[in-house]
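The data block below is final14.pdb; it holds PDB, C-alpha atoms and all ligand atoms.
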ATOM      1  CA  MET A1210       3.257  -6.442   8.123
ATOM      2  CA  VAL A1211       4.051  -7.392   4.547
ATOM      3  CA  THR A1212       3.023 -10.865   3.399
ATOM      4  CA  GLY A1213       5.140 -12.995   1.076
ATOM      5  CA  ARG A1214       3.835 -15.377  -1.579
ATOM      6  CA  HIS A1215       3.944 -18.571   0.491
ATOM      7  CA  GLY A1216       1.429 -20.186   2.822
ATOM      8  CA  GLY A1217      -1.737 -19.920   0.739
ATOM      9  CA  VAL A1218      -3.974 -22.120  -1.413
ATOM     10  CA  SER A1219      -3.638 -20.618  -4.915
ATOM     11  CA  SER A1220      -1.744 -22.421  -7.658
ATOM     12  CA  GLY A1221       0.105 -21.731 -10.903
ATOM     13  CA  ALA A1222       1.096 -18.094 -11.412
ATOM     14  CA  TYR A1223      -0.799 -17.222  -8.234
ATOM     15  CA  ALA A1224       0.977 -19.706  -5.981
ATOM     16  CA  THR A1225       0.272 -19.560  -3.290
ATOM     17  CA  LEU A1226      -0.785 -16.640  -1.086
ATOM     18  CA  ASN A1227      -2.455 -14.451  -3.716
ATOM     19  CA  LEU A1228      -4.447 -11.729  -1.939
ATOM     20  CA  GLY A1229      -5.664  -9.798  -4.980
ATOM     21  CA  TYR A1230      -9.124 -10.098  -6.527
ATOM     22  CA  ALA A1231      -7.914  -8.029  -9.487
ATOM     23  CA  THR A1232      -6.332 -11.156 -10.964
ATOM     24  CA  ALA A1233      -7.640 -14.140 -12.923
ATOM     25  CA  ASP A1234      -7.231 -16.345  -9.856
ATOM     26  CA  GLU A1235     -10.304 -18.114  -8.472
ATOM     27  CA  GLU A1236     -12.173 -15.788  -6.114
ATOM     28  CA  GLY A1237     -12.701 -18.545  -3.593
ATOM     29  CA  ARG A1238      -8.977 -19.093  -3.312
ATOM     30  CA  VAL A1239      -8.258 -15.387  -2.851
ATOM     31  CA  ALA A1240     -10.937 -15.293  -0.176
ATOM     32  CA  ALA A1241      -9.382 -18.316   1.546
ATOM     33  CA  ASN A1242      -5.955 -16.658   1.380
ATOM     34  CA  ARG A1243      -7.298 -13.483   2.913
ATOM     35  CA  ASP A1244      -8.853 -15.536   5.681
ATOM     36  CA  ILE A1245      -5.483 -17.213   6.299
ATOM     37  CA  VAL A1246      -3.803 -13.827   6.736
ATOM     38  CA  ARG A1247      -6.628 -12.485   8.871
ATOM     39  CA  ASP A1248      -6.650 -15.518  11.117
ATOM     40  CA  ALA A1249      -2.839 -15.517  11.430
ATOM     41  CA  MET A1250      -2.956 -11.898  12.540
ATOM     42  CA  ASP A1251      -6.032 -12.466  14.721
ATOM     43  CA  ILE A1252      -7.997  -9.703  13.013
ATOM     44  CA  ASP A1253     -11.759  -9.468  13.444
ATOM     45  CA  PRO A1254     -13.443  -9.413   9.967
ATOM     46  CA  GLU A1255     -15.279  -6.221  10.916
ATOM     47  CA  GLN A1256     -11.950  -4.577  11.738
ATOM     48  CA  LEU A1257     -10.313  -5.234   8.381
ATOM     49  CA  MET A1258     -10.558  -2.521   5.736
ATOM     50  CA  VAL A1259      -9.439  -3.499   2.262
ATOM     51  CA  ALA A1260      -8.247  -0.898  -0.231
ATOM     52  CA  TRP A1261      -9.851  -0.851  -3.648
ATOM     53  CA  LEU A1262      -6.927   0.685  -5.501
ATOM     54  CA  THR A1263      -7.394   3.418  -8.085
ATOM     55  CA  HIS A1264      -3.744   4.475  -8.686
ATOM     56  CA  GLY A1265      -4.684   7.959  -7.501
ATOM     57  CA  THR A1266      -3.591   9.888  -4.411
ATOM     58  CA  GLU A1267      -6.851  10.119  -2.515
ATOM     59  CA  VAL A1268      -6.457   9.455   1.225
ATOM     60  CA  ALA A1269      -9.280   7.738   3.114
ATOM     61  CA  VAL A1270      -9.604   9.031   6.677
ATOM     62  CA  PHE A1271     -10.764   6.810   9.539
ATOM     63  CA  ARG A1272     -11.445   8.699  12.765
ATOM     64  CA  GLN A1273     -12.470   7.313  16.143
ATOM     65  CA  ASP A1274     -14.893  10.179  16.612
ATOM     66  CA  ASN A1275     -16.619   9.655  13.265
ATOM     67  CA  PRO A1276     -17.126   5.984  12.392
ATOM     68  CA  ALA A1277     -20.211   6.957  10.390
ATOM     69  CA  GLY A1278     -17.949   8.919   8.077
ATOM     70  CA  TRP A1279     -15.656   6.025   7.155
ATOM     71  CA  PRO A1280     -15.428   5.421   3.438
ATOM     72  CA  ASP A1281     -17.119   2.086   2.756
ATOM     73  CA  ARG A1282     -17.718   0.492  -0.622
ATOM     74  CA  HIS A1283     -17.584  -3.157   0.304
ATOM     75  CA  GLU A1284     -20.529  -4.278  -1.791
ATOM     76  CA  ALA A1285     -18.656  -3.497  -4.985
ATOM     77  CA  VAL A1286     -15.500  -5.409  -4.185
ATOM     78  CA  ARG A1287     -16.594  -8.323  -2.070
ATOM     79  CA  PRO A1288     -17.341 -11.576  -3.823
ATOM     80  CA  ALA A1289     -19.962 -13.639  -2.050
ATOM     81  CA  SER A1290     -17.284 -16.109  -1.035
ATOM     82  CA  ALA A1291     -15.213 -13.587   0.877
ATOM     83  CA  ARG A1292     -15.537 -13.096   4.594
ATOM     84  CA  THR A1293     -13.643  -9.818   4.310
ATOM     85  CA  ALA A1294     -15.935  -7.254   5.801
ATOM     86  CA  ARG A1295     -15.338  -3.853   4.314
ATOM     87  CA  ALA A1296     -13.412  -1.926   1.701
ATOM     88  CA  PHE A1297     -12.643   1.665   0.782
ATOM     89  CA  ARG A1298     -11.844   3.175  -2.578
ATOM     90  CA  ALA A1299      -8.465   4.878  -2.282
ATOM     91  CA  ASP A1300      -4.750   4.116  -2.446
ATOM     92  CA  ALA A1301      -4.063   5.461   1.032
ATOM     93  CA  ALA A1302      -5.655   5.400   4.456
ATOM     94  CA  ILE A1303      -4.866   7.194   7.694
ATOM     95  CA  SER A1304      -6.364   6.309  11.052
ATOM     96  CA  ASP A1305      -6.471   6.958  14.779
ATOM     97  CA  VAL A1306      -8.721   3.942  15.398
ATOM     98  CA  PRO A1307      -7.157   1.230  17.606
ATOM     99  CA  GLY A1308      -7.706  -2.273  16.247
ATOM    100  CA  LEU A1309      -8.630  -1.196  12.733
ATOM    101  CA  ARG A1310      -6.382  -2.796  10.084
ATOM    102  CA  PHE A1311      -5.847  -1.878   6.464
ATOM    103  CA  LEU A1312      -5.012  -4.333   3.721
ATOM    104  CA  LEU A1313      -3.466  -3.020   0.490
ATOM    105  CA  THR A1314      -2.262  -5.243  -2.339
ATOM    106  CA  PHE A1315       0.954  -5.092  -4.369
ATOM    107  CA  ALA A1316       2.997  -6.680  -7.138
ATOM    108  CA  ASP A1317       5.878  -4.178  -7.769
ATOM    109  CA  CYS A1318       4.189  -0.954  -6.595
ATOM    110  CA  VAL A1319       5.518   0.621  -3.404
ATOM    111  CA  PRO A1320       3.977  -0.164   0.003
ATOM    112  CA  LEU A1321       4.240   2.852   2.305
ATOM    113  CA  LEU A1322       3.744   2.685   6.045
ATOM    114  CA  PHE A1323       3.460   5.647   8.417
ATOM    115  CA  VAL A1324       3.352   5.791  12.205
ATOM    116  CA  ASP A1325       3.212   8.816  14.466
ATOM    117  CA  PRO A1326       3.746   7.475  17.999
ATOM    118  CA  VAL A1327       3.121  10.917  19.528
ATOM    119  CA  ARG A1328      -0.378  11.396  18.109
ATOM    120  CA  GLU A1329      -0.938   7.620  18.012
ATOM    121  CA  VAL A1330      -2.002   7.589  14.382
ATOM    122  CA  CYS A1331      -0.908   5.569  11.391
ATOM    123  CA  GLY A1332      -1.125   5.500   7.637
ATOM    124  CA  ALA A1333      -0.730   3.003   4.807
ATOM    125  CA  ALA A1334      -0.427   3.686   1.106
ATOM    126  CA  HIS A1335       0.079   2.121  -2.311
ATOM    127  CA  ALA A1336       2.236   4.032  -4.792
ATOM    128  CA  GLY A1337       3.169   2.841  -8.239
ATOM    129  CA  TRP A1338       4.916   5.193 -10.602
ATOM    130  CA  ARG A1339       1.730   7.226 -11.004
ATOM    131  CA  GLY A1340       1.268   7.639  -7.252
ATOM    132  CA  THR A1341       4.959   8.359  -6.717
ATOM    133  CA  ALA A1342       4.980  10.893  -9.564
ATOM    134  CA  ALA A1343       2.028  12.594  -7.891
ATOM    135  CA  GLY A1344       3.851  12.748  -4.547
ATOM    136  CA  MET A1345       1.881  10.111  -2.647
ATOM    137  CA  ALA A1346       4.291   9.996   0.316
ATOM    138  CA  SER A1347       4.071  13.715   0.942
ATOM    139  CA  VAL A1348       0.304  13.670   0.338
ATOM    140  CA  VAL A1349      -0.064  11.201   3.226
ATOM    141  CA  VAL A1350       2.205  13.300   5.485
ATOM    142  CA  SER A1351       0.057  16.354   4.696
ATOM    143  CA  ALA A1352      -3.105  14.394   5.494
ATOM    144  CA  LEU A1353      -1.672  13.252   8.856
ATOM    145  CA  ARG A1354      -0.844  16.874   9.673
ATOM    146  CA  ARG A1355      -4.226  18.180   8.600
ATOM    147  CA  GLU A1356      -6.435  15.473  10.084
ATOM    148  CA  PHE A1357      -4.559  14.539  13.254
ATOM    149  CA  GLY A1358      -2.095  17.346  13.939
ATOM    150  CA  SER A1359       0.963  15.169  13.339
ATOM    151  CA  ARG A1360       4.336  16.863  13.218
ATOM    152  CA  PRO A1361       6.430  15.537  10.329
ATOM    153  CA  GLU A1362       9.442  15.081  12.609
ATOM    154  CA  ASP A1363       7.403  12.666  14.744
ATOM    155  CA  ILE A1364       6.377  10.504  11.790
ATOM    156  CA  HIS A1365       8.212   7.270  11.054
ATOM    157  CA  ALA A1366       7.896   6.137   7.447
ATOM    158  CA  ALA A1367       8.788   2.818   5.849
ATOM    159  CA  ILE A1368       9.119   1.795   2.223
ATOM    160  CA  GLY A1369       8.315  -1.883   1.623
ATOM    161  CA  PRO A1370       9.300  -4.468  -0.991
ATOM    162  CA  SER A1371       8.689  -3.173  -4.514
ATOM    163  CA  ILE A1372      10.385  -3.032  -7.884
ATOM    164  CA  GLY A1373      13.878  -1.656  -7.390
ATOM    165  CA  PRO A1374      16.135   0.701  -9.348
ATOM    166  CA  CYS A1375      17.888  -2.435 -10.609
ATOM    167  CA  CYS A1376      14.840  -3.502 -12.620
ATOM    168  CA  TYR A1377      12.479  -0.661 -13.372
ATOM    169  CA  GLU A1378      13.103   0.697 -16.844
ATOM    170  CA  VAL A1379      10.439   3.233 -17.772
ATOM    171  CA  GLY A1380       9.369   5.275 -20.775
ATOM    172  CA  GLU A1381       9.786   9.013 -21.130
ATOM    173  CA  ASP A1382       6.188   9.617 -20.058
ATOM    174  CA  VAL A1383       7.124   8.598 -16.496
ATOM    175  CA  PRO A1384       9.686  11.319 -15.670
ATOM    176  CA  ALA A1385       7.424  13.764 -17.521
ATOM    177  CA  SER A1386       4.622  12.898 -15.114
ATOM    178  CA  PHE A1387       6.857  13.707 -12.118
ATOM    179  CA  HIS A1388       7.763  17.043 -13.665
ATOM    180  CA  ARG A1389       4.093  17.874 -14.234
ATOM    181  CA  HIS A1390       3.616  17.520 -10.453
ATOM    182  CA  GLY A1391       6.659  19.697  -9.731
ATOM    183  CA  LEU A1392       8.692  16.684  -8.621
ATOM    184  CA  ALA A1393      12.023  15.304  -9.785
ATOM    185  CA  PRO A1394      12.263  11.543 -10.309
ATOM    186  CA  VAL A1395      15.486   9.848  -9.271
ATOM    187  CA  MET A1396      16.675   8.038 -12.395
ATOM    188  CA  GLN A1397      19.499   5.603 -13.018
ATOM    189  CA  GLY A1398      19.773   5.936 -16.759
ATOM    190  CA  LYS A1399      16.403   4.755 -18.070
ATOM    191  CA  ARG A1400      15.533   3.090 -14.772
ATOM    192  CA  LEU A1401      13.360   4.810 -12.197
ATOM    193  CA  ASP A1402      14.362   4.612  -8.536
ATOM    194  CA  LEU A1403      10.995   4.627  -6.784
ATOM    195  CA  TRP A1404      12.620   4.191  -3.375
ATOM    196  CA  GLU A1405      14.965   7.176  -3.528
ATOM    197  CA  SER A1406      12.291   9.277  -5.254
ATOM    198  CA  THR A1407      10.038   8.543  -2.280
ATOM    199  CA  VAL A1408      12.773   9.156   0.306
ATOM    200  CA  ARG A1409      13.353  12.605  -1.180
ATOM    201  CA  GLN A1410       9.642  13.420  -1.033
ATOM    202  CA  LEU A1411       9.511  12.360   2.623
ATOM    203  CA  ASP A1412      12.665  14.305   3.395
ATOM    204  CA  ARG A1413      11.217  17.400   1.799
ATOM    205  CA  ALA A1414       8.030  16.916   3.821
ATOM    206  CA  GLY A1415      10.106  16.990   7.025
ATOM    207  CA  VAL A1416      10.045  13.278   7.898
ATOM    208  CA  LYS A1417      13.281  12.348   9.691
ATOM    209  CA  THR A1418      12.869   8.625  10.268
ATOM    210  CA  ILE A1419      12.668   6.649   7.046
ATOM    211  CA  GLU A1420      13.256   2.929   6.648
ATOM    212  CA  VAL A1421      13.742   1.363   3.219
ATOM    213  CA  ALA A1422      13.340  -2.410   2.930
ATOM    214  CA  GLY A1423      15.513  -2.343  -0.200
ATOM    215  CA  LEU A1424      13.913  -5.562  -1.438
ATOM    216  CA  CYS A1425      13.249  -5.668  -5.171
ATOM    217  CA  THR A1426      10.164  -7.714  -6.010
ATOM    218  CA  ARG A1427      11.374  -8.469  -9.532
ATOM    219  CA  CYS A1428      14.699  -9.799  -8.222
ATOM    220  CA  ASN A1429      12.873 -11.856  -5.598
ATOM    221  CA  THR A1430       9.959 -13.572  -7.350
ATOM    222  CA  ASP A1431      10.591 -16.598  -5.110
ATOM    223  CA  ARG A1432       9.393 -14.459  -2.182
ATOM    224  CA  PHE A1433       7.069 -11.849  -3.686
ATOM    225  CA  PHE A1434       4.702 -11.451  -6.620
ATOM    226  CA  SER A1435       6.120  -9.210  -9.362
ATOM    227  CA  HIS A1436       4.045  -7.854 -12.247
ATOM    228  CA  ARG A1437       7.127  -7.075 -14.338
ATOM    229  CA  GLY A1438       9.033 -10.163 -13.293
ATOM    230  CA  GLU A1439       6.204 -12.516 -14.238
ATOM    231  CA  GLY A1440       4.900 -11.007 -17.433
ATOM    232  CA  GLY A1441       1.847  -9.432 -15.840
ATOM    233  CA  VAL A1442       0.272 -12.743 -14.810
ATOM    234  CA  THR A1443       0.856 -12.980 -11.087
ATOM    235  CA  GLY A1444      -0.719 -12.605  -7.681
ATOM    236  CA  ARG A1445      -0.673  -9.828  -5.126
ATOM    237  CA  PHE A1446       0.952  -9.689  -1.723
ATOM    238  CA  ALA A1447      -0.250  -7.324   0.958
ATOM    239  CA  LEU A1448       0.693  -4.662   3.410
ATOM    240  CA  VAL A1449      -1.478  -5.094   6.491
ATOM    241  CA  ALA A1450      -1.202  -2.169   8.885
ATOM    242  CA  GLY A1451      -3.030  -0.535  11.742
ATOM    243  CA  LEU A1452      -2.883   0.533  15.375
ATOM    244  CA  LYS A1453      -3.025  -2.127  18.078
ATOM    245  CA  ALA A1454      -6.349  -2.475  19.861
TER
HETATM  246 ZN    ZN B1501      15.626  -5.833  -9.119
END
Take the structure in this file and express it as C-alpha cells.
Amino acid sequence: MVTGRHGGVSSGAYATLNLGYATADEEGRVAANRDIVRDAMDIDPEQLMVAWLTHGTEVAVFRQDNPAGWPDRHEAVRPASARTARAFRADAAISDVPGLRFLLTFADCVPLLFVDPVREVCGAAHAGWRGTAAGMASVVVSALRREFGSRPEDIHAAIGPSIGPCCYEVGEDVPASFHRHGLAPVMQGKRLDLWESTVRQLDRAGVKTIEVAGLCTRCNTDRFFSHRGEGGVTGRFALVAGLKA
C-alpha cells in the first residue's frame, strides 16, 4: 500500500500524514502518524520493519528460517516517542515471512514493489536517481532469485508514485552515473524518465508483469509529498508492503 499525505496530525509543509523522521517535523507527530498507518493496517508493532534509507542498493533479507539474522538497527532510528518496533539499514528488503511488513518513505523517489506468488516471497525498495542508476530493480530481482529461488517470469513488479518524466530535469552527472553502471537512462531531453528506465531494467531481468502507477508526485502535491515540488521542505509518504499472515 502507498499512503497519501492526508489523514495525519502534522501541519505546515508536513501536513498531514508525514511518515519521515528525516524531516524537521516534530518527532512526536511523525510517531503519531506512523501509529495511525499501523493501526489502520492492523499491523503489530513487532511486525513492522522500517527502512533507514541510505540511497544505496543493499538488500536486507528476512527469512522465516533465520529470524536471528534479520538486520536490526532500531536503536539508532527510533525516537523515544515512537512505538515503531524495528528498523533496518538498507533501501530494499526481501522476505518470505508471513505477517512481516516493511515501511519505506518517499518524496519523489521511486517505490518498488515485488511479489512472487509461486515462491510466496515479496520485496520492497526505494530508488531515487542514484538507486535507479545503480540498477536497483534488477538488484532486487537478483536477490529474490539468489535467496528464494524466484524465477523472474513469476515475479510481479510495480512502480509507485514518484517524480515523473514531466518534471524531473537532471544534470549531466545523472546520465553519467547510469553509464558507469553499464545502464542507459531513458531521457526526454534534459528530463530523466525514472519509470521507463526502471521498466527496461526489469524487462532485461526477465520480469514479465510490470505495473506503473504513472502518478507524478510533483504534479500531484495535493496528494503526495514532493521534494522537488515543495522546495525540499516537505514530508514523506510511505510504501507499506509484506506478505499476509
Ligand atoms: Zn510531473
Residue members of the PyMOL selection byres (((not hetatm)) within 8 of (chain B and resi 1501)) in the file shown, as a PDB file with C-alpha atoms, in the frame of the given file:
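Once written, selection-v6.pdb looks like this:
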ATOM      1  CA  ILE A1372      10.385  -3.032  -7.884  1.00  0.00           C
ATOM      2  CA  GLY A1373      13.878  -1.656  -7.390  1.00  0.00           C
ATOM      3  CA  PRO A1374      16.135   0.701  -9.348  1.00  0.00           C
ATOM      4  CA  CYS A1375      17.888  -2.435 -10.609  1.00  0.00           C
ATOM      5  CA  CYS A1376      14.840  -3.502 -12.620  1.00  0.00           C
ATOM      6  CA  TYR A1377      12.479  -0.661 -13.372  1.00  0.00           C
ATOM      7  CA  LEU A1424      13.913  -5.562  -1.438  1.00  0.00           C
ATOM      8  CA  CYS A1425      13.249  -5.668  -5.171  1.00  0.00           C
ATOM      9  CA  THR A1426      10.164  -7.714  -6.010  1.00  0.00           C
ATOM     10  CA  ARG A1427      11.374  -8.469  -9.532  1.00  0.00           C
ATOM     11  CA  CYS A1428      14.699  -9.799  -8.222  1.00  0.00           C
ATOM     12  CA  ASN A1429      12.873 -11.856  -5.598  1.00  0.00           C
TER      13      ASN A1429
END
What would the list of residues within 12 Å of (0.9, -12.0, -7.4) (file frame) look like as a count of residues only, if all atoms listed in the file are what count? 47
Selection in question (the file shown): the PyMOL selection byres (((chain A and resi 1451) around 7) and not hetatm). Which residues does it include, as a list in words?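 After applying the PyMOL selection byres (((chain A and resi 1451) around 7) and not hetatm), what remains is Gly1308, Leu1309, Arg1310, Phe1311, Cys1331, Ala1450, Leu1452 and Lys1453 of chain A.
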Saved selection, atoms kept: C-alpha atoms, as a JSON list (two decimals), keeping the file's coordinate frame:
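Okay, part-v6.json is ready:
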[["chain", "number", "residue", "atom", "x", "y", "z"],
["A", 1308, "GLY", "CA", -7.71, -2.27, 16.25],
["A", 1309, "LEU", "CA", -8.63, -1.20, 12.73],
["A", 1310, "ARG", "CA", -6.38, -2.80, 10.08],
["A", 1311, "PHE", "CA", -5.85, -1.88, 6.46],
["A", 1331, "CYS", "CA", -0.91, 5.57, 11.39],
["A", 1450, "ALA", "CA", -1.20, -2.17, 8.88],
["A", 1452, "LEU", "CA", -2.88, 0.53, 15.38],
["A", 1453, "LYS", "CA", -3.02, -2.13, 18.08]]
State, in Å with one decimal place, the distance from atom CA of A:Gly1265 to atom CA of A:Ala1299. 7.1 Å
At most 12 Å is the cut-off: for each residue in stretch 1256-1336 of chain A with any atom that close to an atom of stretch 1404-1415 of chain A, write down the nearest atom pair and the distance in Å rounded to one decimal, counting only C-alpha atoms, chain first then increasing number, as CSV.
residue,atom,partner,partner_atom,distance
A:Asp1317,CA,A:Trp1404,CA,11.6
A:Cys1318,CA,A:Trp1404,CA,10.4
A:Val1319,CA,A:Trp1404,CA,7.9
A:Pro1320,CA,A:Trp1404,CA,10.3
A:Leu1321,CA,A:Thr1407,CA,9.3
A:Leu1322,CA,A:Leu1411,CA,11.8
A:Phe1323,CA,A:Leu1411,CA,10.7
A:His1335,CA,A:Thr1407,CA,11.9
A:Ala1336,CA,A:Thr1407,CA,9.4
Where does stretch 1212-1321 of chain A meet stretch 1348-1368 of chain A within 9 Å, residue by residue, with the nearest atom pair and distance in Å to one decimal for each, counting only C-alpha atoms, listed by chain and rising number, as CSV?
residue,atom,partner,partner_atom,distance
A:Thr1266,CA,A:Val1348,CA,7.2
A:Glu1267,CA,A:Val1348,CA,8.5
A:Val1268,CA,A:Val1349,CA,6.9
A:Val1270,CA,A:Glu1356,CA,7.9
A:Arg1272,CA,A:Glu1356,CA,8.8
A:Ala1301,CA,A:Val1349,CA,7.3
A:Ala1302,CA,A:Val1349,CA,8.2
A:Ile1303,CA,A:Leu1353,CA,6.9
A:Ser1304,CA,A:Leu1353,CA,8.7
A:Asp1305,CA,A:Phe1357,CA,8.0
A:Val1319,CA,A:Ile1368,CA,6.8
A:Pro1320,CA,A:Ile1368,CA,5.9
A:Leu1321,CA,A:Ile1368,CA,5.0
Expected file contents, prior selection, C-alpha atoms, as a compact mmCIF listing (two decimals), keeping the file's coordinate frame:
# COMPACT_ATOMS: atom_id res chain seq x y z
CA THR A 1266 -3.59 9.89 -4.41
CA GLU A 1267 -6.85 10.12 -2.52
CA VAL A 1268 -6.46 9.46 1.23
CA VAL A 1270 -9.60 9.03 6.68
CA ARG A 1272 -11.44 8.70 12.76
CA ALA A 1301 -4.06 5.46 1.03
CA ALA A 1302 -5.66 5.40 4.46
CA ILE A 1303 -4.87 7.19 7.69
CA SER A 1304 -6.36 6.31 11.05
CA ASP A 1305 -6.47 6.96 14.78
CA VAL A 1319 5.52 0.62 -3.40
CA PRO A 1320 3.98 -0.16 0.00
CA LEU A 1321 4.24 2.85 2.31
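Proximity of A:Ala1454, A:Val1330, A:Ala1296, A:Val1449 to A:Arg1247, computed with all atoms listed in the file, is greatest for A:Val1449.
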